[in-house]
Structures are given as structure tokens and as C-alpha cells.
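Colleague: So I've got this file, input_24.pdb, and it contains PDB, C-alpha atoms:
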ATOM      1  CA  MET Q 535     -16.905  89.443-114.383
ATOM      2  CA  LEU Q 536     -15.510  86.004-113.572
ATOM      3  CA  PRO Q 537     -11.870  85.254-114.448
ATOM      4  CA  VAL Q 538     -10.936  83.295-117.564
ATOM      5  CA  GLY Q 539     -12.035  79.677-117.239
ATOM      6  CA  LEU Q 540     -14.782  80.257-114.668
ATOM      7  CA  GLY Q 541     -18.545  80.370-114.976
ATOM      8  CA  SER Q 542     -20.989  77.960-116.500
ATOM      9  CA  ALA Q 543     -19.245  77.790-119.868
ATOM     10  CA  LYS Q 544     -16.127  75.761-120.520
ATOM     11  CA  PRO Q 545     -12.909  77.786-120.072
ATOM     12  CA  VAL Q 546     -11.787  79.855-123.017
ATOM     13  CA  VAL Q 547      -8.282  79.739-124.446
ATOM     14  CA  VAL Q 548      -6.169  82.581-123.102
ATOM     15  CA  SER Q 549      -4.857  84.817-125.866
ATOM     16  CA  GLN Q 550      -1.117  84.593-126.329
ATOM     17  CA  PRO Q 551       1.432  87.423-125.998
ATOM     18  CA  GLY Q 552       2.322  89.202-129.213
ATOM     19  CA  ALA Q 553       6.041  88.555-128.871
ATOM     20  CA  ALA Q 554       7.467  85.072-129.183
ATOM     21  CA  ALA Q 555       8.776  83.579-125.969
ATOM     22  CA  ALA Q 556      12.527  83.263-125.552
ATOM     23  CA  PRO Q 557      13.761  79.708-126.227
ATOM     24  CA  ALA Q 558      14.248  77.626-123.112
ATOM     25  CA  ALA Q 559      17.824  77.271-121.897
ATOM     26  CA  PRO Q 560      19.232  73.733-121.709
ATOM     27  CA  GLU Q 561      18.672  71.960-118.406
ATOM     28  CA  ARG Q 562      21.754  72.108-116.222
ATOM     29  CA  SER Q 563      20.579  70.399-113.048
ATOM     30  CA  PRO Q 564      17.918  67.987-111.783
ATOM     31  CA  ARG Q 565      15.397  70.822-112.301
ATOM     32  CA  PRO Q 566      15.448  73.254-115.241
ATOM     33  CA  ALA Q 567      16.867  76.744-114.833
ATOM     34  CA  ASP Q 568      13.780  78.893-115.137
ATOM     35  CA  THR Q 569      15.273  82.260-114.248
ATOM     36  CA  PHE Q 570      17.175  84.710-116.392
ATOM     37  CA  GLN Q 571      20.298  86.562-115.319
ATOM     38  CA  ALA Q 572      20.082  90.324-115.370
ATOM     39  CA  GLY Q 573      23.111  92.118-116.810
ATOM     40  CA  ALA Q 574      25.743  89.415-116.497
ATOM     41  CA  ALA Q 575      28.331  89.039-119.222
ATOM     42  CA  GLY Q 576      27.687  85.926-121.269
ATOM     43  CA  GLY Q 577      24.492  85.185-119.399
ATOM     44  CA  VAL Q 578      20.898  85.127-120.569
ATOM     45  CA  THR Q 579      19.330  88.556-120.472
ATOM     46  CA  ALA Q 580      15.693  88.826-119.437
ATOM     47  CA  PRO Q 581      13.538  90.072-122.302
ATOM     48  CA  LYS Q 582      11.719  93.348-121.788
ATOM     49  CA  THR Q 583       8.167  92.350-121.021
ATOM     50  CA  PRO Q 584       5.503  94.071-123.129
ATOM     51  CA  TYR Q 585       3.177  93.901-120.121
ATOM     52  CA  ALA Q 586       5.152  96.019-117.672
ATOM     53  CA  ASP Q 587       2.337  98.559-117.329
ATOM     54  CA  VAL Q 588      -0.512  96.040-117.145
ATOM     55  CA  GLU Q 589      -2.155  95.652-113.759
ATOM     56  CA  PRO Q 590      -1.644  92.027-112.622
ATOM     57  CA  VAL Q 591      -4.616  89.818-111.811
ATOM     58  CA  ASP Q 592      -5.052  89.237-108.058
ATOM     59  CA  GLY Q 593      -4.394  85.497-107.753
ATOM     60  CA  ARG Q 594      -5.726  85.228-104.224
ATOM     61  CA  ALA Q 595      -9.123  86.658-105.200
ATOM     62  CA  TRP Q 596      -9.081  84.642-108.434
ATOM     63  CA  MET Q 597      -8.592  81.414-106.515
ATOM     64  CA  GLN Q 598     -11.531  82.069-104.227
ATOM     65  CA  ASP Q 599     -13.742  82.688-107.269
ATOM     66  CA  ALA Q 600     -12.409  79.466-108.789
ATOM     67  CA  ILE Q 601     -13.251  77.472-105.658
ATOM     68  CA  GLU Q 602     -16.822  78.793-105.750
ATOM     69  CA  ASP Q 603     -16.940  77.777-109.415
ATOM     70  CA  ILE Q 604     -15.819  74.262-108.464
ATOM     71  CA  LYS Q 605     -18.635  73.995-105.935
ATOM     72  CA  GLY Q 606     -21.170  74.956-108.588
ATOM     73  CA  ARG Q 607     -19.821  72.504-111.145
ATOM     74  CA  VAL Q 608     -19.695  69.632-108.657
ATOM     75  CA  ALA Q 609     -23.238  70.396-107.458
ATOM     76  CA  SER Q 610     -24.431  70.085-111.054
ATOM     77  CA  GLY Q 611     -22.737  66.706-111.452
ATOM     78  CA  GLU Q 612     -19.529  67.750-113.208
ATOM     79  CA  SER Q 613     -16.173  66.175-112.381
ATOM     80  CA  VAL Q 614     -13.429  68.699-111.576
ATOM     81  CA  LYS Q 615      -9.690  68.429-111.107
ATOM     82  CA  VAL Q 616      -7.141  71.013-110.015
ATOM     83  CA  VAL Q 617      -3.419  70.637-110.701
ATOM     84  CA  PHE Q 618      -0.466  71.754-108.582
ATOM     85  CA  ASP Q 619       3.247  71.692-109.224
ATOM     86  CA  LEU Q 620       5.209  70.421-106.209
ATOM     87  CA  ASP Q 621       8.699  71.841-105.670
ATOM     88  CA  ASP Q 622       8.572  75.462-104.475
ATOM     89  CA  THR Q 623       4.789  75.473-105.004
ATOM     90  CA  ILE Q 624       3.162  72.928-102.682
ATOM     91  CA  TRP Q 625       6.203  72.835-100.427
ATOM     92  CA  ASP Q 626       9.320  74.897 -99.741
ATOM     93  CA  ASN Q 627      12.600  73.292-100.837
ATOM     94  CA  ARG Q 628      14.866  75.920 -99.280
ATOM     95  CA  PRO Q 629      15.434  74.042 -95.981
ATOM     96  CA  ARG Q 630      17.263  71.398 -98.015
ATOM     97  CA  THR Q 631      19.910  73.966 -98.938
ATOM     98  CA  LEU Q 632      20.231  75.137 -95.325
ATOM     99  CA  GLU Q 633      20.912  71.561 -94.267
ATOM    100  CA  LEU Q 634      23.451  71.021 -97.046
ATOM    101  CA  ALA Q 635      25.235  74.260 -96.107
ATOM    102  CA  ARG Q 636      25.475  73.002 -92.516
ATOM    103  CA  ARG Q 637      26.884  69.667 -93.717
ATOM    104  CA  PHE Q 638      29.326  71.377 -96.086
ATOM    105  CA  ASP Q 639      30.846  73.312 -93.187
ATOM    106  CA  ALA Q 640      30.790  70.321 -90.837
ATOM    107  CA  GLU Q 641      32.655  68.085 -93.292
ATOM    108  CA  ARG Q 642      35.328  70.737 -93.936
ATOM    109  CA  GLY Q 643      35.642  72.202 -90.466
ATOM    110  CA  THR Q 644      34.677  75.651 -91.797
ATOM    111  CA  HIS Q 645      32.149  78.273 -90.697
ATOM    112  CA  LEU Q 646      31.297  79.788 -94.074
ATOM    113  CA  PHE Q 647      27.546  79.454 -93.602
ATOM    114  CA  ASP Q 648      27.184  80.143 -89.877
ATOM    115  CA  GLY Q 649      25.027  83.196 -90.569
ATOM    116  CA  LEU Q 650      23.018  81.758 -93.489
ATOM    117  CA  THR Q 651      19.282  82.419 -93.202
ATOM    118  CA  LEU Q 652      16.339  80.929 -95.064
ATOM    119  CA  ASP Q 653      15.761  84.214 -96.885
ATOM    120  CA  GLN Q 654      19.284  84.033 -98.343
ATOM    121  CA  VAL Q 655      18.738  80.637 -99.961
ATOM    122  CA  GLY Q 656      18.767  81.071-103.728
ATOM    123  CA  LYS Q 657      17.799  79.009-106.740
ATOM    124  CA  ASP Q 658      20.995  76.955-106.463
ATOM    125  CA  GLY Q 659      24.082  76.506-104.310
ATOM    126  CA  PHE Q 660      26.059  79.201-106.118
ATOM    127  CA  GLN Q 661      23.454  81.910-105.653
ATOM    128  CA  THR Q 662      22.965  80.885-102.024
ATOM    129  CA  ALA Q 663      26.673  81.230-101.327
ATOM    130  CA  ILE Q 664      26.859  84.623-103.065
ATOM    131  CA  ASN Q 665      23.849  85.828-101.069
ATOM    132  CA  ALA Q 666      25.652  84.698 -97.903
ATOM    133  CA  GLY Q 667      28.661  86.872 -98.790
ATOM    134  CA  LEU Q 668      31.038  84.161-100.016
ATOM    135  CA  GLY Q 669      33.503  84.684-102.844
ATOM    136  CA  ARG Q 670      33.066  83.040-106.217
ATOM    137  CA  GLU Q 671      35.589  80.247-105.563
ATOM    138  CA  ASP Q 672      33.819  79.173-102.370
ATOM    139  CA  ALA Q 673      30.455  79.575-104.112
ATOM    140  CA  ARG Q 674      31.533  77.257-106.926
ATOM    141  CA  ALA Q 675      32.790  74.710-104.412
ATOM    142  CA  PHE Q 676      29.502  74.735-102.543
ATOM    143  CA  ASN Q 677      27.499  74.497-105.759
ATOM    144  CA  SER Q 678      29.499  71.412-106.774
ATOM    145  CA  TYR Q 679      28.664  69.877-103.393
ATOM    146  CA  TRP Q 680      25.013  70.974-103.558
ATOM    147  CA  LYS Q 681      24.119  69.816-107.078
ATOM    148  CA  PRO Q 682      24.284  66.018-106.732
ATOM    149  CA  ARG Q 683      22.660  66.034-103.283
ATOM    150  CA  ILE Q 684      19.821  68.560-103.351
ATOM    151  CA  PHE Q 685      17.122  66.531-105.130
ATOM    152  CA  THR Q 686      17.692  63.157-103.536
ATOM    153  CA  THR Q 687      15.244  61.013-101.620
ATOM    154  CA  GLU Q 688      17.292  61.476 -98.451
ATOM    155  CA  MET Q 689      16.767  65.259 -98.521
ATOM    156  CA  ALA Q 690      12.994  65.100 -98.989
ATOM    157  CA  ARG Q 691      12.352  65.136 -95.254
ATOM    158  CA  TYR Q 692      13.650  68.710 -95.033
ATOM    159  CA  ASP Q 693      10.936  70.163 -97.298
ATOM    160  CA  ALA Q 694       8.583  72.477 -95.424
ATOM    161  CA  PRO Q 695       4.882  73.169 -96.031
ATOM    162  CA  LEU Q 696       3.646  76.368 -97.647
ATOM    163  CA  PRO Q 697       0.516  76.701 -95.496
ATOM    164  CA  GLU Q 698      -1.535  79.041 -97.679
ATOM    165  CA  ILE Q 699      -0.947  77.017-100.835
ATOM    166  CA  ASP Q 700      -1.560  73.723 -99.047
ATOM    167  CA  ALA Q 701      -4.803  75.194 -97.695
ATOM    168  CA  LEU Q 702      -5.886  75.942-101.280
ATOM    169  CA  ALA Q 703      -5.397  72.291-102.172
ATOM    170  CA  GLN Q 704      -7.551  71.310 -99.206
ATOM    171  CA  GLN Q 705     -10.224  73.885-100.083
ATOM    172  CA  ALA Q 706     -10.414  72.573-103.633
ATOM    173  CA  HIS Q 707     -10.692  69.024-102.315
ATOM    174  CA  ASP Q 708     -13.404  70.038 -99.845
ATOM    175  CA  ALA Q 709     -15.265  71.756-102.695
ATOM    176  CA  GLY Q 710     -15.380  68.423-104.519
ATOM    177  CA  ALA Q 711     -12.371  68.569-106.852
ATOM    178  CA  GLN Q 712      -9.705  65.931-107.207
ATOM    179  CA  VAL Q 713      -6.239  67.332-106.480
ATOM    180  CA  ILE Q 714      -3.577  66.288-108.991
ATOM    181  CA  TYR Q 715       0.142  66.773-108.351
ATOM    182  CA  LEU Q 716       2.151  67.257-111.565
ATOM    183  CA  THR Q 717       5.876  67.309-110.912
ATOM    184  CA  GLY Q 718       9.125  67.295-112.852
ATOM    185  CA  ARG Q 719      10.523  64.783-110.388
ATOM    186  CA  PRO Q 720      11.339  61.400-111.983
ATOM    187  CA  GLU Q 721       9.439  58.163-111.377
ATOM    188  CA  SER Q 722      12.385  56.867-109.353
ATOM    189  CA  GLU Q 723      11.364  59.327-106.597
ATOM    190  CA  ARG Q 724       7.695  58.292-106.490
ATOM    191  CA  GLY Q 725       7.852  56.584-103.104
ATOM    192  CA  SER Q 726       9.541  59.457-101.285
ATOM    193  CA  THR Q 727       7.358  62.043-103.044
ATOM    194  CA  ARG Q 728       4.159  60.254-102.084
ATOM    195  CA  GLU Q 729       5.409  60.016 -98.498
ATOM    196  CA  GLU Q 730       6.089  63.777 -98.524
ATOM    197  CA  LEU Q 731       2.516  64.489 -99.578
ATOM    198  CA  GLN Q 732       1.255  62.236 -96.805
ATOM    199  CA  ARG Q 733       3.640  63.671 -94.200
ATOM    200  CA  LEU Q 734       2.361  67.177 -94.877
ATOM    201  CA  GLY Q 735      -1.268  66.046 -94.691
ATOM    202  CA  LEU Q 736      -2.158  66.996 -98.266
ATOM    203  CA  PRO Q 737      -5.357  65.697 -99.892
ATOM    204  CA  ASP Q 738      -5.366  62.922-102.512
ATOM    205  CA  ALA Q 739      -1.845  61.928-101.465
ATOM    206  CA  ASP Q 740      -1.700  58.686-103.436
ATOM    207  CA  ASP Q 741      -0.226  57.296-106.628
ATOM    208  CA  ALA Q 742      -3.435  57.820-108.601
ATOM    209  CA  HIS Q 743      -3.130  61.598-108.133
ATOM    210  CA  LEU Q 744       0.656  61.911-108.575
ATOM    211  CA  ILE Q 745       2.032  62.396-112.104
ATOM    212  CA  MET Q 746       5.816  62.096-112.470
ATOM    213  CA  LYS Q 747       8.288  62.182-115.358
ATOM    214  CA  PRO Q 748       9.509  58.829-116.707
ATOM    215  CA  SER Q 749      13.052  60.220-116.528
ATOM    216  CA  LEU Q 750      14.913  63.496-116.144
ATOM    217  CA  ASP Q 751      15.848  63.508-119.834
ATOM    218  CA  GLN Q 752      12.487  64.893-120.959
ATOM    219  CA  PRO Q 753      12.205  68.718-120.809
ATOM    220  CA  THR Q 754       9.948  69.549-117.886
ATOM    221  CA  ALA Q 755       7.747  72.183-119.528
ATOM    222  CA  GLU Q 756       7.020  69.997-122.564
ATOM    223  CA  TYR Q 757       6.214  67.053-120.318
ATOM    224  CA  LYS Q 758       3.769  69.082-118.228
ATOM    225  CA  VAL Q 759       1.995  70.383-121.323
ATOM    226  CA  ALA Q 760       1.630  66.801-122.590
ATOM    227  CA  GLU Q 761       0.226  65.581-119.269
ATOM    228  CA  LEU Q 762      -2.238  68.466-119.008
ATOM    229  CA  ARG Q 763      -3.372  67.724-122.548
ATOM    230  CA  LYS Q 764      -4.113  64.120-121.484
ATOM    231  CA  LEU Q 765      -6.212  65.392-118.576
ATOM    232  CA  LEU Q 766      -8.234  67.434-121.082
ATOM    233  CA  GLU Q 767      -9.134  64.444-123.235
ATOM    234  CA  PRO Q 768     -12.884  64.007-123.888
ATOM    235  CA  GLY Q 769     -14.693  62.370-121.020
ATOM    236  CA  ASP Q 770     -12.246  63.501-118.374
ATOM    237  CA  ALA Q 771     -12.837  66.212-115.791
ATOM    238  CA  HIS Q 772     -12.919  69.992-116.100
ATOM    239  CA  LEU Q 773      -9.537  71.434-115.067
ATOM    240  CA  GLY Q 774     -10.035  74.258-112.602
ATOM    241  CA  TRP Q 775      -6.408  75.442-112.705
ATOM    242  CA  PHE Q 776      -2.735  74.592-112.983
ATOM    243  CA  MET Q 777      -0.627  76.356-110.340
ATOM    244  CA  THR Q 778       3.173  76.612-110.387
ATOM    245  CA  GLU Q 779       5.982  78.998-109.507
ATOM    246  CA  SER Q 780       7.659  78.339-112.875
ATOM    247  CA  ARG Q 781       7.233  81.024-115.516
ATOM    248  CA  ARG Q 782       8.597  78.592-118.056
ATOM    249  CA  ASP Q 783       5.832  76.077-117.302
ATOM    250  CA  VAL Q 784       3.105  78.741-117.343
ATOM    251  CA  GLY Q 785       4.401  80.105-120.634
ATOM    252  CA  ALA Q 786       4.555  76.642-122.199
ATOM    253  CA  VAL Q 787       0.910  75.935-121.303
ATOM    254  CA  GLN Q 788      -0.146  79.314-122.685
ATOM    255  CA  ASP Q 789       1.939  78.898-125.848
ATOM    256  CA  ALA Q 790       0.285  75.508-126.424
ATOM    257  CA  GLY Q 791      -3.146  77.151-126.250
ATOM    258  CA  LEU Q 792      -4.446  74.689-123.674
ATOM    259  CA  PRO Q 793      -7.791  75.727-122.157
ATOM    260  CA  VAL Q 794      -6.402  75.437-118.640
ATOM    261  CA  PRO Q 795      -6.341  78.505-116.373
ATOM    262  CA  THR Q 796      -2.739  78.946-115.221
ATOM    263  CA  VAL Q 797      -1.931  80.540-111.865
ATOM    264  CA  LEU Q 798       1.604  81.791-111.247
ATOM    265  CA  LEU Q 799       2.882  81.649-107.679
ATOM    266  CA  ASP Q 800       5.118  84.683-107.294
ATOM    267  CA  VAL Q 801       8.606  83.803-106.042
ATOM    268  CA  PRO Q 802      11.594  86.181-105.951
ATOM    269  CA  TRP Q 803      13.903  84.021-108.073
ATOM    270  CA  GLU Q 804      11.411  83.949-110.974
ATOM    271  CA  ARG Q 805      10.975  87.723-111.183
ATOM    272  CA  GLY Q 806      12.619  88.890-114.380
ATOM    273  CA  GLY Q 807      11.953  85.533-116.044
ATOM    274  CA  ARG Q 808      10.012  85.023-119.238
ATOM    275  CA  PRO Q 809       6.866  87.119-119.698
ATOM    276  CA  VAL Q 810       3.503  85.424-119.264
ATOM    277  CA  ASP Q 811       0.074  86.412-120.517
ATOM    278  CA  PRO Q 812      -1.077  89.619-118.760
ATOM    279  CA  GLY Q 813      -4.313  87.891-117.751
ATOM    280  CA  THR Q 814      -2.413  85.311-115.685
ATOM    281  CA  PRO Q 815      -3.510  85.367-112.028
ATOM    282  CA  ILE Q 816      -0.482  86.071-109.825
ATOM    283  CA  PHE Q 817      -0.671  84.540-106.362
ATOM    284  CA  PRO Q 818       1.305  86.445-103.718
ATOM    285  CA  SER Q 819       4.754  85.211-102.802
ATOM    286  CA  GLN Q 820       5.040  82.888 -99.825
ATOM    287  CA  VAL Q 821       8.731  83.750 -99.404
ATOM    288  CA  GLU Q 822      10.652  86.997 -99.647
ATOM    289  CA  ARG Q 823      14.167  88.165-100.332
ATOM    290  CA  PRO Q 824      16.075  91.378 -99.619
ATOM    291  CA  GLU Q 825      15.310  93.989-102.260
ATOM    292  CA  ASP Q 826      18.990  94.496-103.096
ATOM    293  CA  GLU Q 827      19.935  90.860-103.688
ATOM    294  CA  ASP Q 828      21.971  90.074-106.810
ATOM    295  CA  VAL Q 829      20.297  87.913-109.425
ATOM    296  CA  VAL Q 830      22.617  85.058-110.372
ATOM    297  CA  LEU Q 831      22.116  82.650-113.270
ATOM    298  CA  TRP Q 832      21.703  78.962-112.476
ATOM    299  CA  ALA Q 833      25.362  78.275-111.816
ATOM    300  CA  ALA Q 834      27.726  76.356-114.042
TER
END
For this file, produce the structure as C-alpha cells.
Modeller:
Amino acid sequence: MLPVGLGSAKPVVVSQPGAAAAPAAPERSPRPADTFQAGAAGGVTAPKTPYADVEPVDGRAWMQDAIEDIKGRVASGESVKVVFDLDDTIWDNRPRTLELARRFDAERGTHLFDGLTLDQVGKDGFQTAINAGLGREDARAFNSYWKPRIFTTEMARYDAPLPEIDALAQQAHDAGAQVIYLTGRPESERGSTREELQRLGLPDADDAHLIMKPSLDQPTAEYKVAELRKLLEPGDAHLGWFMTESRRDVGAVQDAGLPVPTVLLDVPWERGGRPVDPGTPIFPSQVERPEDEDVVLWAA
């Protein structure tokens, strides 16, 4: 049987989880804090998922079925679009933090991060420093340095491709779909973001296929739901999927009841985050972390 949203019929609305989703935490950085902290005093505790015993849907196999579905729709004259998130989905932002750690040491004449590896880079500067074995005072200092610099135009050149995900975008394009990039980055970063897409050789790397927030003030998940709803307006294309690493974004789309298949890219820092519908295809992680790493809340 084809996955939800595939086949000759229009996609069906995915049924929602029985339990209400936890309310989103306030944004505390240029990107929202999507992860929960496990067992920390005063932190946000991850809810117990009601789907712990449900076998996850194989996202890799699902995607290949979806690409075949695109070919069939396009052959019959239907317009199709697929939608990708950008940061930590289409490309890997972790090299930015490695570069900032190097600069932090260079400016202070220290060697705190001499042994830092890509696998130790966390969701923010604080978690990265803790993973590297630094104390909390040094971790706070690095996070204060990291926060205003990490999502700047100057750091965009350090983003690295995620080859398997980028290949999916190309496969969808080759199958006849338009590739849309839906990001929480603000409009002020349009030029550098477009150049990133072009530098990495991604398809449809132009302004017409790049949707960006008017400003950082708007909550990212709500904004993405609104933009996906616009793409679903009568007369527009069939949406083959929306792919992101953010559980918050996936959950928001599912809570809104949008008939858009959502694909969750598994990343270590999102494990333990908000539950998503058990029918959500889970695409295998493109990065890994040590099994015993501490989970740290998006740092204050």
C-alpha cells in the first residue's frame, strides 16, 4: 500500500495524535529551540510519547515511492512541488560552530576547543562546549560569543552539503517537480541564502523558489504552516512532501490538518522532542552523536 499522500487520489489528511502537543517554548535565538531537555531542573521535560512502541515508517523507502508518484502525476499533466527546510536539512550548519570555536580560542589565546570534532557540535554554543568537556562558565562564555554570530551572512560559506538529502531534491526536480525551499531565515538574508543554494548546486536555486520570513519576530512553525497553506490554494500544484529536521514544524503542520505529507529528518538533537504522528516517515540521520552525550536545553 502506498504511503499517505501518494497514489492517484489527492493526499489524505493525516490523523492527529490523541494527546495535545506541548506548547512551544519562546524563541531564544535566531532559530527556535526545538528540543526538550531531559531531566534538568527548571528545564522543559520531554513528554512521554504515546507512540513509543509503534514501528516508524521508513523515510528512505517512502521517498522513493513519492518520487515515482511524482513521475506519474507529471506524466498525466499535473503540476507538483516538493518543499524542503534549509538549515540542518538541506545543508549542515555545524561547520559554522567549528569555525566560531576556532575564532573564540584565537581571539583569547586559549586552546579550549583544540580537540573539538564535528560530532561534538550541539544545537547551540553551550551544548557544544559541554560536549567538548568545558565547564559551565566557559560554556556560557562561548555561547554568548556564538549567539550573535552563528546565523550571519558572513558564516553562510561554512555550511556543508548533506549529499543524500540534496540528491533527493535533484531526484524530485528530475522527476518533474518544482523544488521549494521554505526557511525560517529572514528576508534580510535572501541574497546569501540564494547564493548558498547555488554554491551547493541545488535545483531551482532562485528567488521564485525561496520562501523566507519577513522578520524573525514571527514564530517559525506558524509561519511555515501559513506558507504551506498558500501553496495548497486552489489552482496551485500538488505538494509531494514537506521535509524538515524540526519536530516542532512537523507537529505544527500535522496539528493544522494540512494535507501535506511531512517527512522528518532524524537528527540527534531532536530526539526526545515533541511527539509526531506515528505515520510520519522518518528519514535516517545524516549526522551522528555519541550515545552517551548529555542533552542540554537551548542555553540561556
Colleague: Have a look at Q:Gln788, Q:Thr623, Q:Thr686, Q:Thr717 and name the one nearest to Val801 of chain Q; count all atoms listed in the file.
Modeller: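 So, comparing all the options, the nearest one is Q:Thr623.
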Colleague: For atom CA of Arg782 of chain Q and atom CA of Arg728 of chain Q, quote the distance in Å rounded to one decimal.
Modeller: 24.7 Å
Colleague: Evaluate the PyMOL selection byres ((chain Q and resi 766) around 12) here and jot the selected residues down as number ranges by chain.
Modeller: Q: 544-545, 613-617, 759-765, 767-775, 792-794
Colleague: Considering all atoms listed in the file, can you say which of Q:Arg628, Q:His707, Q:Lys747, Q:Lys657 comes closest to Asn677 of chain Q?
Modeller: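 Nearest candidate to Asn677 of chain Q out of Q:Arg628, Q:His707, Q:Lys747, Q:Lys657: Q:Lys657.
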Colleague: Return the single residue from Q:Arg719, Q:Arg594, Q:Lys605, Q:Arg805 that is closest to Ile699 of chain Q, with distances computed using all atoms listed in the file.
Modeller: Q:Arg594
Colleague: Would you give the centre and edge lengths, in Å to one decimal, of a box along x, y and z around the listed atoms of segment 605-619 of chain Q, with 3 Å added to each side, as AutoDock Vina command-line options?
Modeller:
--center_x -10.6 --center_y 70.6 --center_z -109.6 --size_x 33.7 --size_y 14.8 --size_z 13.3
Colleague: If you apply the PyMOL selection byres ((chain Q and resi 702) around 12) to this file, what residues do you get, as an mmCIF file with C-alpha atoms, in the coordinates of the input?
Modeller:
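Result written to result03.cif:
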data_model
loop_
_atom_site.group_PDB
_atom_site.id
_atom_site.type_symbol
_atom_site.label_atom_id
_atom_site.label_comp_id
_atom_site.auth_asym_id
_atom_site.auth_seq_id
_atom_site.Cartn_x
_atom_site.Cartn_y
_atom_site.Cartn_z
ATOM 1 C CA GLY Q 593 -4.394 85.497 -107.753
ATOM 2 C CA ARG Q 594 -5.726 85.228 -104.224
ATOM 3 C CA ALA Q 595 -9.123 86.658 -105.200
ATOM 4 C CA TRP Q 596 -9.081 84.642 -108.434
ATOM 5 C CA MET Q 597 -8.592 81.414 -106.515
ATOM 6 C CA GLN Q 598 -11.531 82.069 -104.227
ATOM 7 C CA ASP Q 599 -13.742 82.688 -107.269
ATOM 8 C CA ALA Q 600 -12.409 79.466 -108.789
ATOM 9 C CA ILE Q 601 -13.251 77.472 -105.658
ATOM 10 C CA VAL Q 616 -7.141 71.013 -110.015
ATOM 11 C CA VAL Q 617 -3.419 70.637 -110.701
ATOM 12 C CA PHE Q 618 -0.466 71.754 -108.582
ATOM 13 C CA THR Q 623 4.789 75.473 -105.004
ATOM 14 C CA ILE Q 624 3.162 72.928 -102.682
ATOM 15 C CA LEU Q 696 3.646 76.368 -97.647
ATOM 16 C CA PRO Q 697 0.516 76.701 -95.496
ATOM 17 C CA GLU Q 698 -1.535 79.041 -97.679
ATOM 18 C CA ILE Q 699 -0.947 77.017 -100.835
ATOM 19 C CA ASP Q 700 -1.560 73.723 -99.047
ATOM 20 C CA ALA Q 701 -4.803 75.194 -97.695
ATOM 21 C CA ALA Q 703 -5.397 72.291 -102.172
ATOM 22 C CA GLN Q 704 -7.551 71.310 -99.206
ATOM 23 C CA GLN Q 705 -10.224 73.885 -100.083
ATOM 24 C CA ALA Q 706 -10.414 72.573 -103.633
ATOM 25 C CA HIS Q 707 -10.692 69.024 -102.315
ATOM 26 C CA ASP Q 708 -13.404 70.038 -99.845
ATOM 27 C CA ALA Q 709 -15.265 71.756 -102.695
ATOM 28 C CA ALA Q 711 -12.371 68.569 -106.852
ATOM 29 C CA VAL Q 713 -6.239 67.332 -106.480
ATOM 30 C CA LEU Q 736 -2.158 66.996 -98.266
ATOM 31 C CA PRO Q 737 -5.357 65.697 -99.892
ATOM 32 C CA TRP Q 775 -6.408 75.442 -112.705
ATOM 33 C CA MET Q 777 -0.627 76.356 -110.340
ATOM 34 C CA PHE Q 817 -0.671 84.540 -106.362
#
Colleague: Mind giving me the straight-line distance from atom CA of Glu756 of chain Q to atom CA of Ala690 of chain Q in Å, one decimal?
Modeller: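 About the pair atom CA of Glu756 of chain Q and atom CA of Ala690 of chain Q: they are 24.8 Å apart.
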Colleague: Just the number, please: distance in Å from atom CA of Ser722 of chain Q to atom CA of Thr778 of chain Q, one decimal.
Modeller: 21.8 Å
Colleague: Give as a ChimeraX atom specification each residue that has an atom at most 7 Å from (15.5, 81.9, -108.6) in the file, counting only C-alpha atoms.
Modeller: /Q:569,656-657,802-804
Colleague: Might you spell out which residues the PyMOL selection byres ((chain Q and resi 733) around 12) would select in the displayed file, as a list in words?
Modeller: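 When the PyMOL selection byres ((chain Q and resi 733) around 12) is applied to the shown file, the picked residues are Trp625, Ala690, Arg691, Tyr692, Asp693, Ala694, Pro695, Ser726, Thr727, Arg728, Glu729, Glu730, Leu731, Gln732, Leu734, Gly735, Leu736, Pro737, Ala739 and Asp740 of chain Q.
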Colleague: Can you find the residues with an atom no farther than 7 Å from (4.5, 86.1, -108.0), counting all atoms listed in the file, and report them as a PDB file with C-alpha atoms, in the coordinates of the input?
Modeller:
ATOM      1  CA  LEU Q 798       1.604  81.791-111.247  1.00  0.00           C
ATOM      2  CA  LEU Q 799       2.882  81.649-107.679  1.00  0.00           C
ATOM      3  CA  ASP Q 800       5.118  84.683-107.294  1.00  0.00           C
ATOM      4  CA  VAL Q 801       8.606  83.803-106.042  1.00  0.00           C
ATOM      5  CA  ILE Q 816      -0.482  86.071-109.825  1.00  0.00           C
ATOM      6  CA  PHE Q 817      -0.671  84.540-106.362  1.00  0.00           C
ATOM      7  CA  PRO Q 818       1.305  86.445-103.718  1.00  0.00           C
ATOM      8  CA  SER Q 819       4.754  85.211-102.802  1.00  0.00           C
TER       9      SER Q 819
END
Colleague: For the interface of segment 671-720 of chain Q with segment 641-650 of chain Q (cut-off 12 Å, counting all atoms listed in the file), please tabulate each contacting residue of segment 671-720 of chain Q alongside its nearest pair of atoms and their separation in Å to one decimal, rows sorted by chain and increasing number, as CSV.
Modeller:
residue,atom,partner,partner_atom,distance
Q:Asp672,CA,Q:Leu646,CA,8.7
Q:Ala673,CA,Q:Leu646,CA,10.1
Q:Ala675,CA,Q:Arg642,CA,11.5
Q:Phe676,CA,Q:Leu646,CA,10.0
Q:Tyr679,CA,Q:Glu641,CA,11.0
Colleague: Point out the residue among Q:Pro815, Q:Pro720, Q:Gly807, Q:Ser780 with the least atom-to-atom distance to Pro795 of chain Q, counting all atoms listed in the file.
Modeller: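 Distance minimum relative to Pro795 of chain Q lands on Q:Pro815.
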Colleague: For Pro748 of chain Q, list every protein, DNA or RNA residue within 12 Å, evaluated using only C-alpha atoms, and leave out those in the same chain fewer than 2 positions away; present the list as a list in words.
Modeller: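 Once the nearby chain positions are removed, what remains is Thr717, Gly718, Arg719, Pro720, Glu721, Ser722, Glu723, Arg724, Ile745, Met746, Leu750, Asp751, Gln752, Pro753, Thr754, Tyr757, Lys758 and Glu761 of chain Q.
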